[in-house]
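As structure tokens, the structure follows; a few thoughts come after it.
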Amino acid sequence: MSVVTPNKIAATGSYSDYLALKASSKKFGSKFFFETNVCAGLPVISTLNDLVRSGDQINQIDAVLSGTLVFLFNEYDGSSKFVDVIKKAKELGYTEPDPRLDLFGSDVKRKILILIRESGYQFEYDDISLESFLPKSCLKTSSLEEFYAQVENEEEHFLNLYKSAQSNNARHKVVATFKNGKGSVKLKAIDSNHPFYNLDGKD
């Protein structure tokens, strides 16, 4: 029986489990499709597979992998509170039912991990560094309501981020990178000449 799944958990467990899934698929002649784990319907994973099979080596990946985070940083301009922009994104269907899954960065980590593994590298989830753009107070919340309250309390932090980018004619994007054998996820100020600059929440 073949498996088609949008769930990222299977492909981002331990590397040994990841290899076991691949081996089982090959052994029993069944398919394990998880293309939509990264970039929805775009054939990113299969393209990487084709490159590797043809003998190419993937040396670097730079990617913006969260439509939610793109929407948030494009939408926020200080005229509304950052917490209200998060709630708007949730209402429009950009976020997970619990937006913390998007904002904490763990979802982006899973996506870049999949791309790294599909590029032929042995990599674990904890091998990828994550620099959160959220204040520490927002990371220690036990409920969504508490999270919203902390984000609202930290409004000055988000406003300063916005002003910093604006002063340099830049926009903030959460960028996932693989380079020189290292993986990272962090907020970057993207200048107007960069291909990431004009991305919106649907890209």
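Residues are named by chain letter and number: chains run A, B, ... in the order of the structure tokens, numbers start at 1 in each chain, and ligands are numbered from 1 in the order shown.
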
- Find the residues around Phe34 of chain A up to 12 Å (only C-alpha atoms counted), leave out those fewer than 3 positions away in its own chain, and share them as a list in words. Ser2, Val3, Val4, Thr5, Pro6, Asn7, Lys8, Ile9, Ala10, Ala11, Thr12, Leu21, Lys22, Lys31, Asn37, Val38, Cys39, Ala40, Gly41, Leu42, Pro43, Val44, Ile45, Ser46, Lys111, Ile114, Leu115 and Glu118 of chain A

Store the residues picked out above in a file with N, CA and C atoms, as a compact mmCIF listing (two decimals), in the first residue's frame.
```txt
# COMPACT_ATOMS: atom_id res chain seq x y z
N SER A 2 0.59 2.16 -0.88
CA SER A 2 1.35 3.40 -0.95
C SER A 2 0.80 4.43 0.03
N VAL A 3 1.64 5.40 0.37
CA VAL A 3 1.28 6.43 1.33
C VAL A 3 1.49 7.81 0.71
N VAL A 4 0.49 8.66 0.82
CA VAL A 4 0.60 10.06 0.40
C VAL A 4 0.22 10.90 1.61
N THR A 5 1.14 11.75 2.06
CA THR A 5 0.86 12.51 3.27
C THR A 5 1.38 13.94 3.22
N PRO A 6 0.59 14.90 3.75
CA PRO A 6 1.07 16.26 3.90
C PRO A 6 1.73 16.47 5.27
N ASN A 7 1.65 15.45 6.12
CA ASN A 7 2.18 15.56 7.48
C ASN A 7 3.70 15.44 7.48
N LYS A 8 4.36 16.39 8.15
CA LYS A 8 5.83 16.45 8.12
C LYS A 8 6.50 15.60 9.18
N ILE A 9 5.73 15.04 10.10
CA ILE A 9 6.33 14.32 11.22
C ILE A 9 7.13 13.10 10.75
N ALA A 10 6.55 12.33 9.83
CA ALA A 10 7.21 11.10 9.39
C ALA A 10 8.58 11.36 8.78
N ALA A 11 8.68 12.36 7.94
CA ALA A 11 9.94 12.63 7.23
C ALA A 11 10.94 13.43 8.07
N THR A 12 10.52 13.86 9.27
CA THR A 12 11.43 14.67 10.09
C THR A 12 11.70 14.04 11.45
N LEU A 21 11.87 4.35 6.53
CA LEU A 21 10.71 4.61 5.69
C LEU A 21 11.05 4.45 4.22
N LYS A 22 12.18 5.02 3.83
CA LYS A 22 12.61 4.93 2.44
C LYS A 22 12.89 3.48 2.05
N LYS A 31 4.83 3.31 -2.71
CA LYS A 31 5.29 4.69 -2.83
C LYS A 31 5.08 5.44 -1.51
N ASN A 37 4.87 18.39 1.77
CA ASN A 37 5.47 18.77 3.05
C ASN A 37 6.14 20.13 2.97
N VAL A 38 6.65 20.46 1.77
CA VAL A 38 7.38 21.72 1.58
C VAL A 38 6.84 22.43 0.34
N CYS A 39 6.45 23.68 0.49
CA CYS A 39 5.98 24.51 -0.64
C CYS A 39 4.71 23.99 -1.29
N ALA A 40 3.85 23.36 -0.50
CA ALA A 40 2.53 22.92 -0.96
C ALA A 40 2.61 22.14 -2.27
N GLY A 41 2.02 22.66 -3.34
CA GLY A 41 1.95 21.92 -4.59
C GLY A 41 3.14 22.08 -5.51
N LEU A 42 4.11 22.91 -5.13
CA LEU A 42 5.29 23.08 -5.99
C LEU A 42 6.19 21.85 -5.91
N PRO A 43 6.72 21.38 -7.03
CA PRO A 43 7.52 20.15 -7.04
C PRO A 43 8.96 20.36 -6.58
N VAL A 44 9.12 20.90 -5.38
CA VAL A 44 10.47 21.20 -4.88
C VAL A 44 11.23 19.92 -4.53
N ILE A 45 10.58 19.02 -3.80
CA ILE A 45 11.25 17.79 -3.37
C ILE A 45 11.62 16.93 -4.57
N SER A 46 10.70 16.74 -5.50
CA SER A 46 11.00 15.91 -6.67
C SER A 46 12.09 16.54 -7.54
N LYS A 111 10.66 21.81 7.62
CA LYS A 111 10.68 21.91 6.16
C LYS A 111 12.10 21.95 5.61
N ILE A 114 13.73 18.51 5.77
CA ILE A 114 13.33 17.63 4.68
C ILE A 114 14.13 17.94 3.42
N LEU A 115 14.29 19.22 3.10
CA LEU A 115 15.05 19.59 1.91
C LEU A 115 16.51 19.18 2.02
N GLU A 118 16.64 15.36 1.58
CA GLU A 118 16.38 14.99 0.19
C GLU A 118 17.51 15.43 -0.73
```

- Task: Kindly indicate which residue among A:Phe133, A:Phe123, A:Tyr94, A:Phe104 lies nearest to Tyr162 of chain A, using only C-alpha atoms for the distances.
- Result: A:Phe133

- Message: Can you pull out the residues contacting His172 of chain A? Cut-off 12 Å, using only C-alpha atoms, and skip same-chain residues under 5 positions away; I want them as a PyMOL selection string.
- Response: chain A and resi 64+69-77+133+158+160-167+186-192+194+196-200

Export C-alpha atoms of the chosen residues as a CSV table (one decimal), in the first residue's frame?
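Printed below is result_4.csv as written:
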```
chain,number,residue,atom,x,y,z
A,64,VAL,CA,11.4,31.3,2.7
A,69,LEU,CA,5.4,34.5,8.5
A,70,VAL,CA,5.6,36.2,5.1
A,71,PHE,CA,2.0,37.5,5.6
A,72,LEU,CA,2.7,38.7,9.1
A,73,PHE,CA,5.8,40.8,8.3
A,74,ASN,CA,4.3,42.1,5.1
A,75,GLU,CA,1.1,43.1,6.8
A,76,TYR,CA,2.5,44.6,9.9
A,77,ASP,CA,3.3,48.3,9.7
A,133,PHE,CA,12.3,36.7,16.5
A,158,PHE,CA,7.8,44.2,17.0
A,160,ASN,CA,11.2,48.3,16.6
A,161,LEU,CA,11.8,45.4,14.3
A,162,TYR,CA,9.6,47.0,11.7
A,163,LYS,CA,11.2,50.4,12.0
A,164,SER,CA,14.7,48.9,11.8
A,165,ALA,CA,13.8,47.2,8.5
A,166,GLN,CA,12.1,50.3,7.1
A,167,SER,CA,15.0,52.6,7.9
A,186,LYS,CA,16.4,33.1,11.4
A,187,LEU,CA,14.8,36.5,10.7
A,188,LYS,CA,16.7,38.5,8.1
A,189,ALA,CA,16.3,42.0,6.7
A,190,ILE,CA,15.9,41.6,3.0
A,191,ASP,CA,16.9,44.5,0.7
A,192,SER,CA,14.8,45.5,-2.3
A,194,HIS,CA,16.8,40.4,-3.3
A,196,PHE,CA,12.7,37.3,-1.5
A,197,TYR,CA,11.8,41.0,-1.1
A,198,ASN,CA,8.5,40.9,-3.0
A,199,LEU,CA,7.3,37.6,-1.7
A,200,ASP,CA,3.8,37.6,-0.3
```

- Determine which residues of chain A receive a DSSP assignment of helix (DSSP H, G or I), computed from the backbone, and state them as number ranges by chain. A: 10-12, 15-27, 35-37, 44-53, 67-75, 82-91, 100-103, 106-118, 125-127, 136-139, 144-153, 155-167

- Quick one, how far is atom CA of Asp84 of chain A from atom CA of Val151 of chain A? 9.6 Å

- Message: Rounded to one decimal, what separation in Å do you get between atom CA of Arg100 of chain A and atom CA of Leu48 of chain A?
- Response: 29.4 Å

- Query: Which of these residues is nearest to Val83 of chain A, using only C-alpha atoms: A:Arg117, A:Lys109, A:Lys26, A:His157?
  - Reply: A:His157

- Mind pulling up the distance from atom CA of Lys182 of chain A to atom CA of Ser16 of chain A? 19.3 Å

- Task: Do a neighbour search on Ser184 of chain A at 7 Å with only C-alpha atoms, toss out local chain neighbours closer than 2 positions, and write the hits as a VMD selection string.
- Result: chain A and resid 128 to 130 176 to 178 182 186

- Task: Give me the residues within 10 Å of Ser14 of chain A as an NGL selection string, counting only C-alpha atoms and dropping any in the same chain fewer than 6 places off.
- Result: :A and (20 or 123-126)

- Task: Pull the strand (DSSP E) assignments for segment 65-160 of chain A out of DSSP run on the backbone, and list those residues as a ChimeraX atom specification.
- Result: /A:128-131

Only N, CA and C atoms, please: the residues just picked out, written as an mmCIF file, in the first residue's frame.
```
data_model
loop_
_atom_site.group_PDB
_atom_site.id
_atom_site.type_symbol
_atom_site.label_atom_id
_atom_site.label_comp_id
_atom_site.auth_asym_id
_atom_site.auth_seq_id
_atom_site.Cartn_x
_atom_site.Cartn_y
_atom_site.Cartn_z
ATOM 1 N N ILE A 128 19.828 21.783 13.240
ATOM 2 C CA ILE A 128 19.454 23.077 12.644
ATOM 3 C C ILE A 128 19.267 24.112 13.752
ATOM 4 N N SER A 129 20.001 25.200 13.657
ATOM 5 C CA SER A 129 19.873 26.261 14.658
ATOM 6 C C SER A 129 18.648 27.122 14.353
ATOM 7 N N LEU A 130 18.000 27.564 15.403
ATOM 8 C CA LEU A 130 16.807 28.402 15.266
ATOM 9 C C LEU A 130 16.968 29.645 16.124
ATOM 10 N N GLU A 131 16.946 30.810 15.477
ATOM 11 C CA GLU A 131 16.986 32.083 16.190
ATOM 12 C C GLU A 131 15.586 32.694 16.115
#
```

- For Gln150 of chain A, which residue among A:Ile61, A:Leu19, A:Phe82, A:Leu101 is the nearest when counting only C-alpha atoms?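 Closest to Gln150 of chain A of all the choices is A:Phe82.
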
- Message: Calculated over only C-alpha atoms, which of the candidates A:Gly67, A:Gly201, A:Leu144, A:Gln57 has the smallest distance to Pro97 of chain A?
- Response: A:Leu144
